[in-house]
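Below is one structure; the comments refer to it alone.
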Amino acid sequence: MQDPKEKAQLLNLVAQRPATDCYFTAWIRLGDTNLTMRLRDWRPNGEILAPLVLRQQMKREAQQELSWYQS
């Protein structure tokens with residue numbers, strides 16, 4: 001991770017999580033449609049921590065989905 005600001009945000013996120021949480025690292029092609037579809041499918045079972053741009057995308061999508069059920 002090259003961006004110091006993004007690294008600091010990631011470390012802050014990890015510090016807020018329980019010590020019993022498990023973390024996995026993966027090399028990804030950002031923007032890969034297949035990856036995005038798989039992450040959407042797995043969304044209820046995990047959390048994307050980095051890259052932040054992907055985390056924010058998944059957050060926006062989840063908020064949109066939730067809004068459909070709030071009326």
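Residues in the structure tokens are named by chain (A, B, ... in the order shown) and by number from 1 within that chain; ligands are numbered from 1 in the order shown.
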I'd like the neighbourhood of Val53 in chain A as an mmCIF file with C-alpha atoms, in the first residue's frame, where a residue qualifies if any of its atoms comes within 12 Å (using only C-alpha atoms), though same-chain residues fewer than 4 positions away should be ignored.
```
data_model
loop_
_atom_site.group_PDB
_atom_site.id
_atom_site.type_symbol
_atom_site.label_atom_id
_atom_site.label_comp_id
_atom_site.auth_asym_id
_atom_site.auth_seq_id
_atom_site.Cartn_x
_atom_site.Cartn_y
_atom_site.Cartn_z
ATOM 1 C CA GLU A 6 -5.009 5.042 3.032
ATOM 2 C CA LEU A 10 -6.755 0.813 7.151
ATOM 3 C CA LEU A 30 -9.391 -3.398 -9.502
ATOM 4 C CA GLY A 31 -12.341 -2.923 -11.837
ATOM 5 C CA ILE A 48 -13.572 -5.241 2.379
ATOM 6 C CA LEU A 49 -10.950 -3.165 4.143
ATOM 7 C CA GLN A 57 -18.096 1.278 -3.655
ATOM 8 C CA MET A 58 -19.394 -1.726 -1.707
ATOM 9 C CA LYS A 59 -20.627 0.583 1.068
ATOM 10 C CA ARG A 60 -22.579 2.749 -1.412
#
```
Checklist line | Distance query Thr25 in chain A at most 12 Å, only C-alpha atoms, self and fewer than 2 positions along chain excluded, as a ChimeraX atom specification | finding: /A:1,22-23,27-28,48-51
Note to self: Please report the interatomic distance between CA of Leu54 in chain A and CA of Thr36 in chain A in Å with one decimal.
What the structure shows: 8.8 Å
Margin query: Using DSSP secondary structure from the backbone, list all helix (DSSP H, G or I) positions within chain A, as a ChimeraX atom specification.
Written below: /A:4-15,33-45,52-67
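Across the structure, CA of Asn45 in chain A and CA of Gln70 in chain A are spaced 21.8 Å apart.
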